[in-house]
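Raw contents of target-v5.txt, compact mmCIF, C-alpha atoms:
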# COMPACT_ATOMS: atom_id res chain seq x y z
CA MET D 270 19.00 -42.12 28.21
CA ARG D 271 16.15 -40.55 30.08
CA TYR D 272 16.10 -39.31 33.62
CA VAL D 273 13.31 -39.43 36.11
CA SER D 274 12.65 -38.27 39.65
CA SER D 275 13.59 -40.51 42.56
CA ALA D 276 9.91 -41.35 43.00
CA VAL D 277 9.54 -42.63 39.45
CA LEU D 278 12.95 -44.30 39.64
CA LEU D 279 11.88 -46.34 42.63
CA VAL D 280 8.60 -47.31 41.05
CA PHE D 281 10.56 -48.54 38.04
CA PHE D 282 12.80 -50.86 40.04
CA ALA D 283 11.06 -54.05 41.07
CA ALA D 284 13.95 -55.21 42.05
CA GLY D 285 24.71 -62.72 51.81
CA CYS D 286 24.29 -61.17 54.99
CA SER D 287 25.11 -61.75 58.65
CA SER D 288 21.50 -62.16 59.69
CA ASN D 289 19.37 -64.87 58.23
CA SER D 290 15.84 -65.06 59.57
CA VAL D 291 13.18 -62.45 60.09
CA GLN D 292 11.76 -62.18 63.57
CA SER D 293 8.26 -63.41 64.18
CA PRO D 294 5.61 -60.69 64.30
CA ALA D 295 4.65 -59.52 67.77
CA ARG D 296 1.08 -58.65 66.88
CA SER D 297 -1.78 -59.81 64.72
CA THR D 298 -0.85 -59.53 61.05
CA GLY D 299 -4.21 -60.02 59.40
CA VAL D 300 -4.91 -57.83 56.38
CA VAL D 301 -6.75 -54.62 57.25
CA THR D 302 -8.92 -52.62 54.88
CA SER D 303 -7.60 -49.19 55.85
CA PRO D 304 -4.24 -47.84 57.09
CA THR D 305 -6.05 -46.23 60.03
CA LEU D 306 -6.65 -49.71 61.47
CA ILE D 307 -2.95 -50.48 61.89
CA GLY D 308 -2.60 -48.86 65.32
CA ASP D 309 0.50 -47.38 66.91
CA VAL D 310 3.84 -47.86 65.14
CA PRO D 311 7.40 -47.34 66.46
CA GLY D 312 9.53 -44.33 65.64
CA GLU D 313 11.11 -45.91 62.57
CA GLY D 314 10.28 -48.60 60.08
CA VAL D 315 9.48 -49.36 56.45
CA VAL D 316 6.49 -49.94 54.23
CA ILE D 317 7.09 -52.62 51.60
CA ARG D 318 5.26 -53.29 48.38
CA ARG D 319 6.27 -56.72 47.09
CA ASN D 320 6.48 -57.44 43.36
CA TRP D 321 7.37 -61.13 43.42
CA THR D 322 3.95 -62.34 42.30
CA ARG D 323 1.39 -61.30 39.70
CA VAL D 324 -1.32 -61.61 42.32
CA PRO D 325 -1.78 -58.31 44.24
CA THR D 326 -0.28 -58.62 47.71
CA PRO D 327 -0.86 -56.53 50.85
CA LEU D 328 1.48 -53.71 51.81
CA LEU D 329 3.71 -54.73 54.72
CA ILE D 330 4.32 -52.39 57.66
CA VAL D 331 7.61 -53.52 59.22
CA GLY D 332 9.70 -52.22 62.13
CA LEU D 333 13.47 -52.10 61.78
CA ASP D 334 13.66 -54.99 64.23
CA GLY D 335 12.00 -57.13 61.55
CA GLN D 336 8.59 -57.33 63.23
CA VAL D 337 5.63 -57.19 60.89
CA LEU D 338 3.38 -54.54 62.40
CA GLY D 339 0.52 -54.92 59.95
CA ARG D 340 -0.67 -55.73 56.46
CA ILE D 341 -2.83 -53.38 54.41
CA SER D 342 -5.19 -54.39 51.61
CA PRO D 343 -3.68 -54.45 48.08
CA ALA D 344 -6.26 -51.77 47.25
CA PHE D 345 -3.72 -49.36 48.79
CA ASP D 346 -0.31 -48.39 47.42
CA ILE D 347 2.63 -46.18 48.33
CA ASP D 348 2.09 -42.64 47.08
CA PRO D 349 5.09 -41.38 45.03
CA GLU D 350 5.04 -38.18 47.10
CA SER D 351 6.57 -40.22 49.92
CA GLN D 352 9.84 -40.07 47.99
CA LEU D 353 9.71 -36.29 47.86
CA LEU D 354 9.19 -36.02 51.63
CA PRO D 355 12.07 -37.95 53.26
CA GLY D 356 11.05 -39.76 56.42
CA GLU D 357 7.34 -39.55 55.62
CA VAL D 358 4.98 -42.31 54.48
CA ILE D 359 1.94 -41.50 52.39
CA LEU D 360 -0.43 -44.21 51.17
CA ARG D 361 -3.28 -43.94 48.71
CA GLY D 362 -6.32 -46.02 47.85
CA HIS D 363 -10.06 -45.76 47.32
CA GLY D 364 -9.54 -42.20 46.14
CA ARG D 365 -8.03 -41.09 49.46
CA ARG D 366 -4.56 -40.55 50.91
CA PHE D 367 -3.29 -41.38 54.37
CA MET D 368 -0.11 -40.45 56.25
CA LEU D 369 1.71 -41.34 59.44
CA ASP D 370 0.96 -38.60 61.96
CA PRO D 371 4.20 -37.57 63.73
CA LYS D 372 2.28 -36.70 66.90
CA THR D 373 0.33 -39.92 67.35
CA ASP D 374 2.40 -42.44 65.31
CA ARG D 375 -0.79 -43.65 63.66
CA PHE D 376 -2.09 -43.44 60.12
CA VAL D 377 -4.53 -40.56 59.65
CA ALA D 378 -6.17 -38.81 56.70
CA PHE D 379 -3.48 -36.98 54.72
CA ARG D 380 -2.82 -33.34 55.50
CA ARG D 381 0.05 -31.01 54.83
CA VAL D 382 2.51 -30.81 57.71
CA SER D 383 4.51 -27.63 58.24
CA GLY D 384 8.03 -28.02 56.90
CA THR D 385 7.35 -31.06 54.73
CA SER D 386 5.65 -29.60 51.70
CA GLY D 387 7.50 -28.61 48.58
CA GLY D 388 10.20 -31.30 48.51
CA SER D 389 13.77 -30.31 47.72
CA VAL D 390 14.79 -26.67 47.56
CA ARG D 391 15.82 -25.56 44.08
CA LEU D 392 18.94 -23.41 44.20
CA SER D 393 19.80 -23.08 40.53
CA ARG D 394 19.22 -24.80 37.23
CA ASP D 395 21.74 -27.50 38.11
CA CYS D 396 21.59 -27.83 41.92
CA ARG D 397 18.98 -28.66 44.51
CA GLU D 398 19.10 -29.06 48.27
CA GLU D 399 18.54 -32.60 49.51
CA THR D 400 19.15 -32.23 53.25
CA HIS D 401 20.62 -29.83 55.79
CA ARG D 402 22.15 -29.75 59.25
CA GLY D 403 22.10 -26.38 60.94
CA GLN D 404 23.41 -23.85 58.41
CA ARG D 405 25.02 -26.51 56.21
CA ARG D 406 22.99 -27.41 53.14
CA TYR D 407 23.85 -30.53 51.15
CA LEU D 408 23.25 -30.33 47.42
CA VAL D 409 23.17 -32.60 44.40
CA CYS D 410 24.24 -30.84 41.24
CA GLY D 411 24.37 -31.46 37.54
CA MET D 412 24.27 -34.42 35.23
CA THR D 413 27.54 -35.47 33.67
CA LEU D 414 27.33 -36.19 29.93
CA ARG D 415 30.31 -37.97 28.44
CA ARG D 416 29.60 -36.32 25.11
CA THR D 417 30.07 -32.76 26.31
CA GLN D 418 31.34 -33.00 29.90
CA ALA D 419 28.73 -30.32 30.68
CA HIS D 420 27.08 -29.86 34.07
CA PRO D 421 29.30 -32.24 36.08
CA ALA D 422 27.51 -34.44 38.61
CA THR D 423 28.61 -33.52 42.12
CA ILE D 424 27.55 -33.58 45.75
CA ASP D 425 28.27 -30.20 47.33
CA VAL D 426 27.83 -28.48 50.67
CA LEU D 427 26.75 -24.85 51.02
CA ALA D 428 27.91 -23.15 54.22
CA ARG D 429 28.51 -19.50 55.10
CA GLY D 430 27.68 -18.48 51.56
CA ARG D 431 30.31 -20.70 49.97
CA ILE D 432 29.86 -23.96 48.05
CA ARG D 433 32.40 -26.75 48.48
CA LYS D 434 32.41 -29.91 46.38
CA ILE D 435 32.37 -33.05 48.49
CA VAL D 436 32.59 -35.56 45.66
CA GLY D 437 32.11 -35.86 41.90
CA SER D 438 30.88 -38.86 39.95
CA PRO D 439 32.09 -42.35 40.96
CA SER D 440 35.36 -43.45 39.38
CA ASN D 441 35.02 -45.34 36.10
CA ALA D 442 31.42 -44.16 35.88
CA TYR D 443 31.44 -44.23 32.10
CA ARG D 444 31.59 -47.74 30.76
CA ARG D 445 30.67 -46.84 27.20
CA ARG D 446 31.04 -43.86 24.98
CA PHE D 447 28.30 -41.30 25.62
CA SER D 448 27.50 -43.01 28.93
CA ASP D 449 26.10 -40.79 31.65
CA GLY D 450 24.77 -40.66 35.20
CA LEU D 451 23.71 -38.43 38.06
CA TRP D 452 23.29 -38.25 41.81
CA GLN D 453 19.63 -38.75 42.68
CA SER D 454 19.58 -38.17 46.44
CA VAL D 455 21.66 -37.83 49.60
CA ALA D 456 20.84 -38.26 53.29
CA LEU D 457 23.08 -37.22 56.19
CA SER D 458 23.89 -39.69 58.98
CA PRO D 459 22.80 -38.87 62.55
CA ASP D 460 26.39 -38.02 63.54
CA GLY D 461 26.78 -35.71 60.52
CA LYS D 462 29.87 -37.52 59.19
CA THR D 463 28.53 -39.66 56.35
CA LEU D 464 26.22 -39.19 53.41
CA LEU D 465 24.08 -42.01 52.08
CA ALA D 466 23.88 -41.24 48.36
CA LEU D 467 22.13 -42.72 45.35
CA TRP D 468 23.89 -42.80 41.97
CA SER D 469 21.80 -43.55 38.88
CA ALA D 470 23.78 -44.91 35.93
CA ASP D 471 22.98 -46.47 32.56
CA CYS D 472 19.57 -48.12 32.28
CA GLU D 473 18.76 -46.17 35.46
CA GLU D 474 20.72 -48.70 37.52
CA PRO D 475 20.73 -47.54 41.17
CA THR D 476 23.82 -47.86 43.35
CA SER D 477 24.00 -46.66 46.96
CA PHE D 478 27.22 -45.17 48.34
CA PHE D 479 28.61 -44.06 51.66
CA VAL D 480 30.39 -40.71 51.20
CA ASP D 481 32.64 -39.28 53.90
CA VAL D 482 31.65 -35.63 54.36
CA ALA D 483 35.14 -34.49 55.34
CA THR D 484 37.26 -36.37 52.78
CA GLY D 485 34.86 -37.21 49.95
CA ARG D 486 35.87 -40.88 50.12
CA MET D 487 33.07 -43.04 48.72
CA ARG D 488 32.29 -46.75 48.96
CA ALA D 489 29.46 -48.83 47.62
CA VAL D 490 27.32 -49.80 50.61
CA THR D 491 27.74 -53.47 49.71
CA GLY D 492 31.54 -53.20 49.74
CA GLU D 493 32.59 -54.05 46.17
CA ARG D 494 35.89 -52.42 45.20
CA ASP D 495 34.56 -52.04 41.67
CA TRP D 496 31.19 -50.44 42.36
CA ARG D 497 30.01 -51.38 38.87
CA LYS D 498 29.78 -54.97 40.11
CA ALA D 499 27.69 -53.98 43.12
CA PRO D 500 24.09 -55.22 43.28
CA GLU D 501 21.36 -52.70 42.58
CA SER D 502 20.44 -50.83 45.75
CA ILE D 503 18.22 -47.96 46.81
CA PRO D 504 18.91 -45.99 50.02
CA LEU D 505 15.89 -45.39 52.25
CA GLY D 506 17.47 -43.40 55.08
CA TRP D 507 19.24 -43.75 58.41
CA SER D 508 18.15 -45.55 61.55
CA HIS D 509 18.26 -43.78 64.90
CA SER D 510 21.26 -45.95 65.78
CA GLY D 511 23.26 -44.68 62.79
CA GLN D 512 22.88 -47.59 60.38
CA ALA D 513 21.92 -47.09 56.75
CA VAL D 514 18.58 -48.55 55.71
CA VAL D 515 18.95 -49.86 52.16
CA ASN D 516 16.70 -51.76 49.77
CA LEU D 517 18.95 -54.35 48.07
CA LEU D 518 17.19 -55.46 44.90
CA SER D 519 17.08 -58.78 43.07
CA GLY D 520 18.46 -57.12 39.95
CA GLY D 521 17.13 -55.64 36.75
CA CYS D 522 19.63 -54.08 34.38
CA GLY D 523 22.38 -54.83 36.90
CA ASP D 524 23.36 -57.45 39.48
CA GLY D 525 21.09 -58.45 42.35
CA THR D 526 21.18 -59.65 45.96
CA LYS D 527 19.94 -62.93 47.39
CA PRO D 528 17.85 -62.64 49.39
CA ALA D 529 16.64 -59.30 48.15
CA GLY D 530 15.26 -57.17 50.93
CA ILE D 531 15.60 -54.31 53.39
CA TYR D 532 18.96 -54.29 55.16
CA LEU D 533 20.63 -52.34 57.95
CA ILE D 534 24.25 -51.60 56.99
CA GLU D 535 27.01 -50.25 59.25
CA PRO D 536 28.82 -47.41 57.44
CA LYS D 537 32.22 -48.20 59.00
CA THR D 538 32.35 -51.99 58.79
CA LEU D 539 29.77 -52.54 56.00
CA GLN D 540 28.30 -55.37 58.07
CA ARG D 541 24.65 -55.84 57.17
CA ARG D 542 21.59 -57.43 58.66
CA LEU D 543 18.41 -58.41 56.89
CA VAL D 544 15.36 -56.64 58.29
CA HIS D 545 12.80 -58.23 56.00
CA TRP D 546 12.91 -59.87 52.59
CA ALA D 547 11.44 -57.83 49.77
CA ASP D 548 11.57 -57.52 46.02
CA GLY D 549 9.87 -54.28 45.22
CA TRP D 550 9.31 -50.72 46.29
CA ALA D 551 9.83 -49.59 49.88
CA VAL D 552 9.81 -46.33 51.82
CA MET D 553 11.00 -45.54 55.32
CA TRP D 554 9.55 -43.45 58.11
CA HIS D 555 11.45 -42.03 61.07
CA ARG D 556 10.53 -39.64 63.86

Serialized structure, structure tokens:
Amino acid sequence: MRYVSSAVLLVFFAAGCSSNSVQSPARSTGVVTSPTLIGDVPGEGVVIRRNWTRVPTPLLIVGLDGQVLGRISPAFDIDPESQLLPGEVILRGHGRRFMLDPKTDRFVAFRRVSGTSGGSVRLSRDCREETHRGQRRYLVCGMTLRRTQAHPATIDVLARGRIRKIVGSPSNAYRRRFSDGLWQSVALSPDGKTLLALWSADCEEPTSFFVDVATGRMRAVTGERDWRKAPESIPLGWSHSGQAVVNLLSGGCGDGTKPAGIYLIEPKTLQRRLVHWADGWAVMWHR
């Protein structure tokens, strides 16, 4: 079993709902030759790279209301650094990189923005900070190995100089002898009550969970009681309205979703709505 960063993990995965159709685009959706030609974008949305065909397809710029805001030439791709900078979108092509400027909400030539460089904060050999709220720092720690039970996989919170475990590995995480897994990422909900977490299991199968910060209760975002039967899913972040934005995949090593795509999921009811169909890599921006 090998482990990779979230960026590489998402590149690797090519991966019913209450909403059925995607809204019609509200603007021209012709393919543009540079991200800078897209124009203004709303405060949150996703960039989708589709993998359903061997023919290169344009990147889709999509708002969380389902509107296609633009299409960018297949000569451009999502830069893996986008996964290291939550909420940011970086594209690359023709030897250049472009980013969404938080001040103008337009794509501009890439530049470092204060507070976004460096990715996660490394705290120790086994823990790193994924997100924070005020003085509370949320950590992913360790990698549980069935063989040795060393370095247990946990999600912790660091506050006032003390570390408290929120949750360990999912129950029944080890389906075979010497099976293993780890927490790849966590993102805190706008109300600070729920974590959206990514568990990577055998064959690097991704499963997204809601984790209650106070109690440690966890549920697969798709609602299966046995999370091992949940379709592969990758969390992208939280909407301003407090819904999880999740990429439900068509399946690789594990089960898939039909239709595969970007969904908004309510953490309390688990009701979900399709934003846009997809079967590939996606990243989210939010301001």

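For the set D:Lys372, D:Lys498, D:Arg397, D:Arg433, the residue with the smallest atom-to-atom gap to Ser454 (chain D) is D:Arg397, counting only C-alpha atoms.
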
May I ask which of the residues D:Ile359, D:Arg381, D:Val514, D:Ala547 is the closest one to Pro528 (chain D), counting all atoms listed in the file?
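Of all the options, D:Ala547 lies closest to Pro528 (chain D).
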
Would you mind telling me which residue in D:Leu518, D:Val455, D:Leu539, D:Val436 lies nearest to Thr400 (chain D) when using all atoms listed in the file?
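Among the listed residues, the smallest separation from Thr400 (chain D) belongs to D:Val455.
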
For Arg431 (chain D), find every residue with an atom within 12 Å (counting all atoms listed in the file), except residues of its own chain fewer than 5 positions away, and show them as a list of chain:residue names.
D:Gln404, D:Arg405, D:Arg406, D:Tyr407, D:Asp425, D:Val426

Take the residues that were just selected and, keeping C-alpha atoms, output them as a PDB file, in the coordinates of the input.
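Done, and the output landed in again36.pdb:
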ATOM      1  CA  GLN D 404      23.410 -23.850  58.410  1.00  0.00           C
ATOM      2  CA  ARG D 405      25.020 -26.510  56.210  1.00  0.00           C
ATOM      3  CA  ARG D 406      22.990 -27.410  53.140  1.00  0.00           C
ATOM      4  CA  TYR D 407      23.850 -30.530  51.150  1.00  0.00           C
ATOM      5  CA  ASP D 425      28.270 -30.200  47.330  1.00  0.00           C
ATOM      6  CA  VAL D 426      27.830 -28.480  50.670  1.00  0.00           C
TER       7      VAL D 426
END

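Restricting the calculation to only C-alpha atoms, the smallest distance between Thr491 (chain D) and any of D:Pro536, D:Pro459, D:Gly506, D:Pro439 is found for D:Pro536.
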
Point out the residue among D:Trp468, D:Ser458, D:Thr476, D:Asp374 with the least atom-to-atom distance to Glu535 (chain D), counting all atoms listed in the file.
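Among the listed residues, D:Ser458 lies closest to Glu535 (chain D).
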
Would you work out the distance separating CA of Asp334 (chain D) from CA of Arg542 (chain D), expressed in Å to one decimal?
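Value for the CA of Asp334 (chain D)-CA of Arg542 (chain D) distance: 10.0 Å.
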
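Pairwise distance (CA of Leu464 (chain D), CA of Val480 (chain D)) equals 5.0 Å.
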
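Using all atoms listed in the file for every distance, the candidate list D:Phe367, D:Gly335, D:Leu457, D:Gln540 yields D:Phe367 as the residue closest to Ser351 (chain D).
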
Fewer than 6 positions away in the same chain doesn't count, so skip those; otherwise give me all residues within 10 Å of Pro304 (chain D), counting only C-alpha atoms, as an MDAnalysis selection string.
chainID D and resid 328 330 339:342 345 360:362 366:369 375:378

Any idea what the distance is between CA of Leu333 (chain D) and CA of Ile531 (chain D)?
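Computed distance, CA of Leu333 (chain D) to CA of Ile531 (chain D), equals 8.9 Å.
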
Excluding Asp460 (chain D) and its own-chain neighbours fewer than 4 positions away, which residues fall within 12 Å of it when counting only C-alpha atoms? Please give them as a ChimeraX atom specification.
/D:402,456,464,481-482,507-512,536
